[in-house]
>>> print(open('my_file19.csv').read())   # CSV, C-alpha atoms
chain,number,residue,atom,x,y,z
U,23,MET,CA,57.1,49.8,66.5
U,24,LYS,CA,53.9,51.8,66.8
U,25,LYS,CA,54.8,53.7,63.6
U,26,VAL,CA,55.4,50.5,61.7
U,27,THR,CA,52.1,49.1,62.9
U,28,LEU,CA,50.4,52.4,61.8
U,29,VAL,CA,52.0,52.3,58.4
U,30,LEU,CA,51.0,48.6,57.9
U,31,PHE,CA,47.5,49.4,59.0
U,32,ALA,CA,47.3,52.4,56.6
U,33,MET,CA,48.7,50.3,53.8
U,34,SER,CA,46.1,47.6,54.4
U,35,ILE,CA,43.3,50.1,54.3
U,36,PHE,CA,44.7,51.7,51.1
U,37,GLY,CA,45.0,48.2,49.5
U,38,THR,CA,41.5,47.3,50.4
U,39,THR,CA,40.1,50.5,49.1
U,40,THR,CA,42.1,50.2,45.8
U,41,PHE,CA,40.8,46.6,45.3
U,42,ALA,CA,37.2,47.5,45.9
U,43,GLN,CA,37.4,50.4,43.4
U,44,ILE,CA,36.9,48.0,40.5
U,45,LYS,CA,33.8,45.9,40.6
U,46,LYS,CA,33.7,42.8,38.3
U,47,THR,CA,31.6,39.9,37.2
U,48,THR,CA,32.0,37.0,34.8
U,49,THR,CA,28.3,36.2,34.8
U,50,ALA,CA,26.6,39.3,33.4
U,51,SER,CA,23.7,38.6,31.0
U,52,VAL,CA,23.0,40.1,27.6
U,53,ALA,CA,19.6,39.4,26.0
U,54,PHE,CA,19.3,39.9,22.2
U,55,ASP,CA,15.9,40.4,20.7
U,56,ALA,CA,15.4,40.6,16.9
U,57,THR,CA,11.8,39.3,17.0
U,58,THR,CA,9.2,40.8,14.7
U,59,PRO,CA,5.4,40.5,14.7
U,60,THR,CA,5.7,37.6,12.3
U,61,ASP,CA,8.6,35.7,14.0
U,62,ASP,CA,9.2,35.1,17.7
U,63,TRP,CA,12.3,32.9,17.2
U,64,PRO,CA,15.3,35.2,16.8
U,65,ARG,CA,16.0,36.0,20.4
U,66,ALA,CA,18.9,34.8,22.6
U,67,THR,CA,20.7,35.2,25.8
U,68,ASN,CA,24.4,35.1,26.8
U,69,ASN,CA,25.0,34.6,30.5
U,70,SER,CA,28.8,34.5,30.5
U,71,VAL,CA,29.6,38.1,29.8
U,72,VAL,CA,32.6,39.6,31.5
U,73,CYS,CA,32.1,43.1,32.9
U,74,ALA,CA,34.0,45.6,35.0
U,75,ILE,CA,33.2,49.1,36.4
U,76,ASN,CA,35.7,51.5,38.0
U,77,THR,CA,33.8,53.2,40.7
U,78,LYS,CA,36.4,56.0,40.9
U,79,ASN,CA,36.3,57.2,37.3
U,80,GLY,CA,33.1,55.6,36.0
U,81,LYS,CA,34.9,53.6,33.4
U,82,ILE,CA,32.9,50.6,32.1
U,83,GLU,CA,33.9,47.6,30.0
U,84,PHE,CA,32.3,44.4,28.9
U,85,LYS,CA,33.2,41.6,26.6
U,86,LEU,CA,31.2,38.6,25.3
U,87,ASP,CA,31.6,35.6,23.1
U,88,ILE,CA,29.2,35.6,20.2
U,89,ASN,CA,29.3,31.8,20.2
U,90,ASN,CA,27.9,31.6,23.7
U,91,PHE,CA,24.4,32.9,22.9
U,92,SER,CA,21.6,30.4,23.5
U,93,PHE,CA,18.5,30.9,21.4
U,94,LYS,CA,14.8,30.4,22.3
U,95,ASP,CA,14.0,26.7,23.0
U,96,ASN,CA,17.6,25.7,22.5
U,97,ASN,CA,17.1,26.2,18.7
U,98,ALA,CA,20.1,24.9,16.7
U,99,LYS,CA,19.1,26.1,13.3
U,100,ILE,CA,18.8,29.8,14.3
U,101,LYS,CA,22.1,29.6,16.1
U,102,GLU,CA,23.7,28.1,13.0
U,103,HIS,CA,22.3,31.1,11.0
U,104,TRP,CA,23.5,33.5,13.7
U,105,LEU,CA,27.1,32.3,13.5
U,106,ASP,CA,27.1,32.0,9.7
U,107,PRO,CA,29.7,34.1,7.8
U,108,LYS,CA,26.7,35.9,6.2
U,109,CYS,CA,25.4,37.0,9.6
U,110,MET,CA,27.6,37.5,12.7
U,111,ASN,CA,30.5,35.4,11.4
U,112,GLY,CA,31.3,33.9,14.8
U,113,ALA,CA,34.5,32.2,13.6
U,114,LYS,CA,36.0,35.5,12.3
U,115,PHE,CA,34.5,37.9,14.9
U,116,PRO,CA,34.1,35.8,18.1
U,117,ASN,CA,33.8,38.8,20.5
U,118,ALA,CA,31.7,41.9,21.0
U,119,THR,CA,33.2,44.5,23.3
U,120,PHE,CA,32.2,47.8,24.9
U,121,ALA,CA,34.5,50.3,26.5
U,122,GLY,CA,33.1,53.5,27.9
U,123,LYS,CA,32.4,55.7,30.8
U,124,ILE,CA,29.5,56.9,32.9
U,125,THR,CA,29.2,60.5,31.7
U,126,ASN,CA,27.7,61.7,35.0
U,127,PRO,CA,29.6,59.6,37.6
U,128,LYS,CA,28.9,62.1,40.3
U,129,ALA,CA,25.2,61.1,40.0
U,130,VAL,CA,26.1,57.8,41.7
U,131,ASN,CA,27.1,57.3,45.3
U,132,PHE,CA,28.7,53.9,45.1
U,133,LYS,CA,28.9,53.7,48.9
U,134,LYS,CA,25.2,54.4,49.5
U,135,ASP,CA,22.4,52.0,48.7
U,136,GLY,CA,20.0,53.3,46.1
U,137,VAL,CA,19.0,53.4,42.4
U,138,TYR,CA,20.9,55.9,40.2
U,139,ASN,CA,20.1,57.0,36.7
U,140,VAL,CA,23.2,57.5,34.5
U,141,THR,CA,24.2,57.9,30.9
U,142,VAL,CA,26.9,55.6,29.6
U,143,SER,CA,28.9,56.6,26.5
U,144,GLY,CA,31.6,54.7,24.7
U,145,ASN,CA,32.5,52.4,21.9
U,146,LEU,CA,30.8,49.2,20.9
U,147,LYS,CA,32.7,46.7,18.8
U,148,LEU,CA,30.6,44.2,17.0
U,149,HIS,CA,31.2,42.1,13.9
U,150,GLY,CA,34.6,43.8,13.7
U,151,VAL,CA,33.1,47.3,13.4
U,152,VAL,CA,33.5,50.0,16.1
U,153,LYS,CA,30.7,52.5,16.6
U,154,PRO,CA,30.0,55.1,19.3
U,155,LEU,CA,27.1,54.2,21.6
U,156,SER,CA,25.4,56.3,24.2
U,157,THR,CA,22.5,54.9,26.3
U,158,PRO,CA,20.7,55.6,29.6
U,159,ALA,CA,21.3,53.0,32.3
U,160,THR,CA,20.5,52.5,35.9
U,161,ILE,CA,22.9,51.5,38.6
U,162,THR,CA,21.5,49.9,41.8
U,163,VAL,CA,23.8,49.9,44.8
U,164,ALA,CA,22.8,47.3,47.5
U,165,ASN,CA,24.9,45.7,50.2
U,166,GLY,CA,28.2,46.6,48.5
U,167,ALA,CA,27.2,45.1,45.1
U,168,LEU,CA,26.3,47.1,42.0
U,169,THR,CA,23.6,46.0,39.5
U,170,ALA,CA,23.8,47.8,36.2
U,171,ASN,CA,20.9,47.7,33.8
U,172,ALA,CA,20.8,49.1,30.2
U,173,GLU,CA,18.5,48.6,27.3
U,174,PHE,CA,19.1,50.0,23.8
U,175,THR,CA,18.5,49.4,20.1
U,176,LEU,CA,21.1,48.8,17.4
U,177,THR,CA,20.9,49.1,13.7
U,178,SER,CA,22.4,45.9,12.2
U,179,ALA,CA,23.5,47.6,9.0
U,180,ASP,CA,25.7,50.1,11.0
U,181,PHE,CA,27.8,47.1,12.0
U,182,GLY,CA,27.8,45.5,8.6
U,183,VAL,CA,25.4,42.7,9.7
U,184,SER,CA,22.6,41.5,7.5
U,185,HIS,CA,20.4,38.4,7.5
U,186,PRO,CA,18.2,37.2,4.6
U,187,GLY,CA,15.3,37.1,7.1
U,188,GLU,CA,15.4,40.9,7.5
U,189,GLY,CA,14.0,41.3,4.0
U,190,GLY,CA,11.0,39.0,4.7
U,191,GLY,CA,10.2,40.7,8.0
U,192,LYS,CA,11.3,37.7,10.0
U,193,VAL,CA,14.3,39.3,11.6
U,194,SER,CA,14.3,42.8,12.9
U,195,LYS,CA,16.8,45.3,11.3
U,196,THR,CA,16.9,47.1,14.7
U,197,PRO,CA,17.4,44.4,17.4
U,198,LYS,CA,17.1,45.3,21.1
U,199,LEU,CA,19.9,44.5,23.6
U,200,LYS,CA,19.3,44.3,27.3
U,201,ILE,CA,22.2,44.1,29.7
U,202,VAL,CA,22.1,43.1,33.4
U,203,ALA,CA,25.3,42.9,35.4
U,204,THR,CA,25.7,42.4,39.1
U,205,LEU,CA,29.2,43.3,40.1
U,206,LYS,CA,31.1,42.7,43.3
T,23,MET,CA,-15.5,17.0,-10.5
T,24,ASN,CA,-14.0,14.0,-8.7
T,25,LYS,CA,-10.7,14.6,-10.6
T,26,ILE,CA,-10.5,18.2,-9.2
T,27,ILE,CA,-11.1,17.0,-5.7
T,28,LYS,CA,-8.5,14.3,-6.2
T,29,TRP,CA,-5.9,16.9,-7.3
T,30,PHE,CA,-6.9,19.3,-4.6
T,31,LEU,CA,-6.3,16.5,-2.0
T,32,ILE,CA,-2.9,15.6,-3.5
T,33,ILE,CA,-1.7,19.2,-3.5
T,34,ALA,CA,-3.0,19.7,0.1
T,35,LEU,CA,-1.1,16.6,1.2
T,36,PHE,CA,2.2,17.8,-0.4
T,37,LEU,CA,1.7,21.2,1.1
T,38,GLY,CA,1.1,19.6,4.5
T,39,ILE,CA,4.2,17.4,4.3
T,40,PHE,CA,6.3,20.4,3.1
T,41,SER,CA,5.1,22.6,6.0
T,42,ALA,CA,5.8,19.8,8.5
T,43,LEU,CA,9.3,19.3,7.2
T,44,ALA,CA,10.0,23.1,7.1
T,45,TYR,CA,8.7,23.4,10.7
T,46,TRP,CA,10.9,20.5,11.8
T,47,TYR,CA,13.9,22.1,10.1
T,48,ILE,CA,13.4,25.5,11.6
T,49,THR,CA,12.6,24.4,15.1
T,50,LYS,CA,15.4,21.7,15.4
T,51,GLN,CA,16.9,21.8,18.8
T,52,PHE,CA,20.3,21.0,20.1
T,53,ASP,CA,20.5,17.5,21.5
T,54,ASN,CA,19.9,17.3,25.3
T,55,THR,CA,23.4,17.3,26.8
T,56,LYS,CA,22.4,14.4,29.1
T,57,GLU,CA,22.1,12.2,26.0
T,58,ILE,CA,25.4,13.2,24.5
T,59,LYS,CA,28.5,10.9,25.0
T,60,SER,CA,31.2,12.8,26.8
T,61,ASN,CA,34.6,13.3,25.1
T,62,PHE,CA,36.5,14.0,28.4
T,63,SER,CA,36.0,13.6,32.1
T,64,VAL,CA,38.3,15.8,34.1
T,65,ASN,CA,38.6,17.8,37.3
T,66,THR,CA,39.0,21.6,37.4
T,67,ASN,CA,42.6,21.5,38.7
T,68,ILE,CA,43.9,19.6,35.7
T,69,PHE,CA,41.6,21.4,33.3
T,70,ASN,CA,42.6,24.9,34.4
T,71,LYS,CA,46.3,23.9,34.5
T,72,GLU,CA,46.2,22.8,30.9
T,73,PHE,CA,44.8,26.2,29.9
T,74,GLU,CA,47.3,28.1,32.0
T,75,GLU,CA,50.2,26.1,30.5
T,76,ASN,CA,49.1,26.5,26.9
T,77,ASP,CA,45.7,28.0,26.2
T,78,SER,CA,45.9,27.5,22.4
T,79,LEU,CA,46.6,23.8,22.8
T,80,ALA,CA,43.9,23.4,25.4
T,81,ASN,CA,41.4,25.2,23.2
T,82,LEU,CA,42.3,22.8,20.4
T,83,LYS,CA,41.7,19.9,22.7
T,84,TYR,CA,38.5,20.9,24.5
T,85,LYS,CA,36.7,23.5,22.4
T,86,ASN,CA,33.3,22.3,21.1
T,87,LYS,CA,33.8,19.0,23.0
T,88,THR,CA,31.4,17.5,25.6
T,89,ILE,CA,33.1,17.5,29.0
T,90,GLU,CA,32.3,16.3,32.4
T,91,LEU,CA,34.0,18.7,34.8
T,92,THR,CA,34.3,18.1,38.5
T,93,GLY,CA,35.2,21.0,40.8
T,94,LYS,CA,34.3,23.4,43.6
T,95,ILE,CA,31.5,25.8,43.2
T,96,LYS,CA,32.5,29.5,43.5
T,97,GLU,CA,29.3,31.2,42.6
T,98,ILE,CA,25.7,30.3,41.6
T,99,LYS,CA,23.3,32.6,39.7
T,100,LEU,CA,19.8,31.3,39.5
T,101,THR,CA,16.6,32.8,38.3
T,102,ASP,CA,13.4,31.4,36.8
T,103,SER,CA,14.9,31.6,33.3
T,104,LEU,CA,18.6,31.0,33.7
T,105,ALA,CA,21.2,29.1,35.8
T,106,VAL,CA,24.9,29.7,35.8
T,107,VAL,CA,27.4,28.0,38.0
T,108,VAL,CA,31.0,29.2,38.3
T,109,LEU,CA,33.5,26.4,39.0
T,110,GLN,CA,37.0,27.1,40.3
T,111,SER,CA,40.2,25.2,40.9
T,112,ASP,CA,42.6,25.1,43.9
T,113,SER,CA,45.4,27.3,42.6
T,114,SER,CA,44.2,29.0,39.4
T,115,GLU,CA,42.4,32.3,39.0
T,116,ILE,CA,40.5,31.0,36.0
T,117,ASP,CA,36.7,31.0,36.4
T,118,ILE,CA,34.8,28.3,34.5
T,119,ILE,CA,31.4,29.7,33.6
T,120,CYS,CA,28.8,26.9,33.2
T,121,ASP,CA,25.6,28.2,31.6
T,122,PHE,CA,22.8,25.6,32.0
T,123,GLN,CA,20.4,24.4,29.3
T,124,THR,CA,16.8,25.4,29.9
T,125,SER,CA,15.6,21.9,30.8
T,126,SER,CA,18.3,21.7,33.5
T,127,ILE,CA,17.8,25.0,35.2
T,128,THR,CA,15.9,23.5,38.2
T,129,GLU,CA,18.7,21.0,38.8
T,130,VAL,CA,20.8,23.9,40.2
T,131,LYS,CA,18.5,24.9,43.0
T,132,ASN,CA,20.0,22.4,45.5
T,133,LEU,CA,23.6,23.2,44.8
T,134,LYS,CA,25.6,25.1,47.4
T,135,VAL,CA,28.6,27.4,47.1
T,136,ASP,CA,31.9,25.7,48.2
T,137,SER,CA,30.5,22.2,47.6
T,138,PHE,CA,31.8,20.0,44.8
T,139,THR,CA,29.8,18.9,41.8
T,140,THR,CA,30.2,17.4,38.3
T,141,ILE,CA,28.8,19.4,35.4
T,142,LYS,CA,28.5,18.2,31.9
T,143,GLY,CA,28.5,20.7,29.1
T,144,ILE,CA,29.9,21.8,25.8
T,145,CYS,CA,33.2,23.7,26.1
T,146,SER,CA,33.4,27.1,24.3
T,147,GLY,CA,37.1,27.4,25.3
T,148,MET,CA,39.1,30.2,26.8
T,149,ASP,CA,39.0,33.6,25.2
T,150,ASN,CA,42.7,34.4,24.7
T,151,THR,CA,42.3,37.5,22.5
T,152,LYS,CA,44.0,40.6,23.8
T,153,ASN,CA,41.7,43.1,25.4
T,154,THR,CA,42.1,46.4,23.6
T,155,ILE,CA,40.2,49.6,24.1
T,156,GLU,CA,38.6,50.1,20.7
T,157,THR,CA,37.8,53.7,19.6
T,158,ALA,CA,35.5,54.7,16.8
T,159,ASP,CA,36.9,57.3,14.4
T,160,ASP,CA,34.5,59.9,15.6
T,161,MET,CA,34.8,59.1,19.3
T,162,SER,CA,38.0,60.1,21.0
T,163,MET,CA,36.9,60.2,24.7
T,164,LEU,CA,39.0,57.1,25.6
T,165,GLU,CA,42.1,57.9,23.5
T,166,ASP,CA,43.9,59.6,26.4
T,167,ASP,CA,43.2,56.7,28.7
T,168,ASP,CA,46.4,54.7,29.1
T,169,GLU,CA,45.2,52.6,32.0
T,170,GLY,CA,44.7,49.6,29.8
T,171,SER,CA,41.7,47.2,30.0
T,172,MET,CA,40.2,46.3,33.3
T,173,LEU,CA,39.3,42.9,31.8
T,174,ASP,CA,43.0,41.9,31.4
T,175,ASP,CA,43.3,40.1,34.7
T,176,ILE,CA,39.9,38.2,34.2
T,177,LYS,CA,40.4,34.8,32.7
T,178,THR,CA,37.3,32.6,32.0
T,179,ILE,CA,36.5,29.4,30.2
T,180,SER,CA,32.9,29.0,29.1
T,181,MET,CA,30.8,25.9,29.1
T,182,ILE,CA,27.3,26.1,27.5
T,183,ARG,CA,24.2,23.8,27.4
T,184,CYS,CA,25.3,22.4,30.8
T,185,THR,CA,23.5,19.9,33.0
T,186,LEU,CA,24.3,18.1,36.2
T,187,LYS,CA,26.0,14.8,35.7
T,188,ASN,CA,24.4,12.9,38.6
T,189,TYR,CA,21.2,14.8,39.1
T,190,LYS,CA,18.3,12.8,40.6
T,191,LYS,CA,14.9,14.4,41.1
>>> encode(input="my_file19.csv", output="structure tokens")
Amino acid sequence: MKKVTLVLFAMSIFGTTTFAQIKKTTTASVAFDATTPTDDWPRATNNSVVCAINTKNGKIEFKLDINNFSFKDNNAKIKEHWLDPKCMNGAKFPNATFAGKITNPKAVNFKKDGVYNVTVSGNLKLHGVVKPLSTPATITVANGALTANAEFTLTSADFGVSHPGEGGGKVSKTPKLKIVATLK
Amino acid sequence: MNKIIKWFLIIALFLGIFSALAYWYITKQFDNTKEIKSNFSVNTNIFNKEFEENDSLANLKYKNKTIELTGKIKEIKLTDSLAVVVLQSDSSEIDIICDFQTSSITEVKNLKVDSFTTIKGICSGMDNTKNTIETADDMSMLEDDDEGSMLDDIKTISMIRCTLKNYKK
């Protein structure tokens, strides 16, 4: 009887550990900023980004719906341009995804509170085009939750995205993306 | 001389009207969700069940429609610049992510997790595309990874430009 209890106890501990290994969220935020000195309008946020981190092997994934971006001042016209077939083509390419890994996972002690600097490398799929991406990021561990922060710049042309405003200097050709995800 | 001034004033007037119209066109906002007539009023149990039974059909029915959704609050994310409320149902694992419009952010501050509320917003539907690990031609670091996607068991339905249905200041 004692052996059975011990086995059940060990199984429950193993199960709990396995479950906690992958941290997830459905409310990560991605901020997009293609503003220029002459135009402050093309910036938007998406707060329903799905993200997961495997604390054992450092694997990271996120996925967002292009249609869920909200532009500055709830602007309807810029969002219409954003989703247009000539720009992001939200109907044909509704999702952007990233799958990668923390290249230095040993730099993070996921069980100890602290702020850890890491490098994340992987593949970003945007507008139907997959490109490698490597960026510095920070992971903050606090009370069992992880907060991942990353900020990087993309070149729109690399993903086959162009906007008429780029030529007039109203939309940046190298927009910045900022990601904040708190995972539990 | 008077003729020149007259033409100058006419051109200035046209330029002024053109600029005002252009500014109105460029800065046009989405309608406040509070002012939009709802297409559906439903609770999260029925809503999620419809998506579980046939997500394609439910997307056809609800996507881009204005919905009043009543359900239990699973999670609240609130800062000065954003408010997101996650609604859940009794038996489904689907999270309904409600991203609030800027003018309604302060409405969220009195909400509590595990309480019930009614949120009105525009449904973006459920993402039913398969999660695949995409690999660039010149990036093979994930090719040997056969674990599949960690996102496969996460199901969400998105609502955007949300507001509280019965909010009173």
>>> interface_residues(input="my_file19.csv", of="chain U", to="chain T", cutoff="7 Å", atoms="all atoms listed in the file", output="JSON, numbers by chain")
{"U": [69, 70, 74, 90, 96, 97, 98, 99, 121, 145, 152, 153, 154]}
>>> residues_around(input="my_file19.csv", residues="Lys142 (chain T)", least_positions_apart="6", cutoff="9 Å", atoms="all atoms listed in the file", output="PyMOL selection string")
chain T and resi 55-56+60+63+88-92+120+181+183-187
>>> atom_distance(input="my_file19.csv", atom1="CA of Gly191 (chain U)", atom2="CA of Thr175 (chain U)")
17.1 Å
>>> atom_distance(input="my_file19.csv", atom1="CA of Ser178 (chain U)", atom2="CA of Ile124 (chain U)")
24.5 Å
>>> residues_near_point(input="my_file19.csv", point="(28.9, 35.5, 22.9)", cutoff="9 Å", atoms="all atoms listed in the file", output="PDB file with C-alpha atoms, keeping the file's coordinate frame")
ATOM      1  CA  VAL U  52      23.000  40.100  27.600  1.00  0.00           C
ATOM      2  CA  THR U  67      20.700  35.200  25.800  1.00  0.00           C
ATOM      3  CA  ASN U  68      24.400  35.100  26.800  1.00  0.00           C
ATOM      4  CA  ASN U  69      25.000  34.600  30.500  1.00  0.00           C
ATOM      5  CA  SER U  70      28.800  34.500  30.500  1.00  0.00           C
ATOM      6  CA  VAL U  71      29.600  38.100  29.800  1.00  0.00           C
ATOM      7  CA  LYS U  85      33.200  41.600  26.600  1.00  0.00           C
ATOM      8  CA  LEU U  86      31.200  38.600  25.300  1.00  0.00           C
ATOM      9  CA  ASP U  87      31.600  35.600  23.100  1.00  0.00           C
ATOM     10  CA  ILE U  88      29.200  35.600  20.200  1.00  0.00           C
ATOM     11  CA  ASN U  89      29.300  31.800  20.200  1.00  0.00           C
ATOM     12  CA  ASN U  90      27.900  31.600  23.700  1.00  0.00           C
ATOM     13  CA  PHE U  91      24.400  32.900  22.900  1.00  0.00           C
ATOM     14  CA  SER U  92      21.600  30.400  23.500  1.00  0.00           C
ATOM     15  CA  GLY U 112      31.300  33.900  14.800  1.00  0.00           C
ATOM     16  CA  PRO U 116      34.100  35.800  18.100  1.00  0.00           C
ATOM     17  CA  ASN U 117      33.800  38.800  20.500  1.00  0.00           C
ATOM     18  CA  ALA U 118      31.700  41.900  21.000  1.00  0.00           C
TER      19      ALA U 118
END
>>> closest_residue(input="my_file19.csv", among="U:Ser184, U:Ser143, U:Thr77, U:Ser194", to="Ile161 (chain U)", atoms="only C-alpha atoms")
U:Thr77
>>> residues_near_point(input="my_file19.csv", point="(21.5, 44.7, 33.9)", cutoff="8 Å", atoms="all atoms listed in the file", output="count of residues only")
12
>>> atom_distance(input="my_file19.csv", atom1="CA of Phe181 (chain U)", atom2="CA of Asn126 (chain U)")
27.2 Å
>>> closest_residue(input="my_file19.csv", among="U:Lys108, U:Thr157, U:Phe84, U:Pro127", to="Val72 (chain U)", atoms="only C-alpha atoms")
U:Phe84
>>> residues_around(input="my_file19.csv", residues="Thr66 (chain T)", least_positions_apart="5", cutoff="9 Å", atoms="all atoms listed in the file", output="ChimeraX atom specification")
/T:71,91-94,109-112,118
>>> closest_residue(input="my_file19.csv", among="U:Leu155, U:Cys109, U:Val163, U:Val193", to="Asn139 (chain U)", atoms="all atoms listed in the file")
U:Val163
>>> closest_residue(input="my_file19.csv", among="U:Pro197, U:Asp61, U:Gly187, U:Lys134", to="His103 (chain U)", atoms="all atoms listed in the file")
U:Gly187
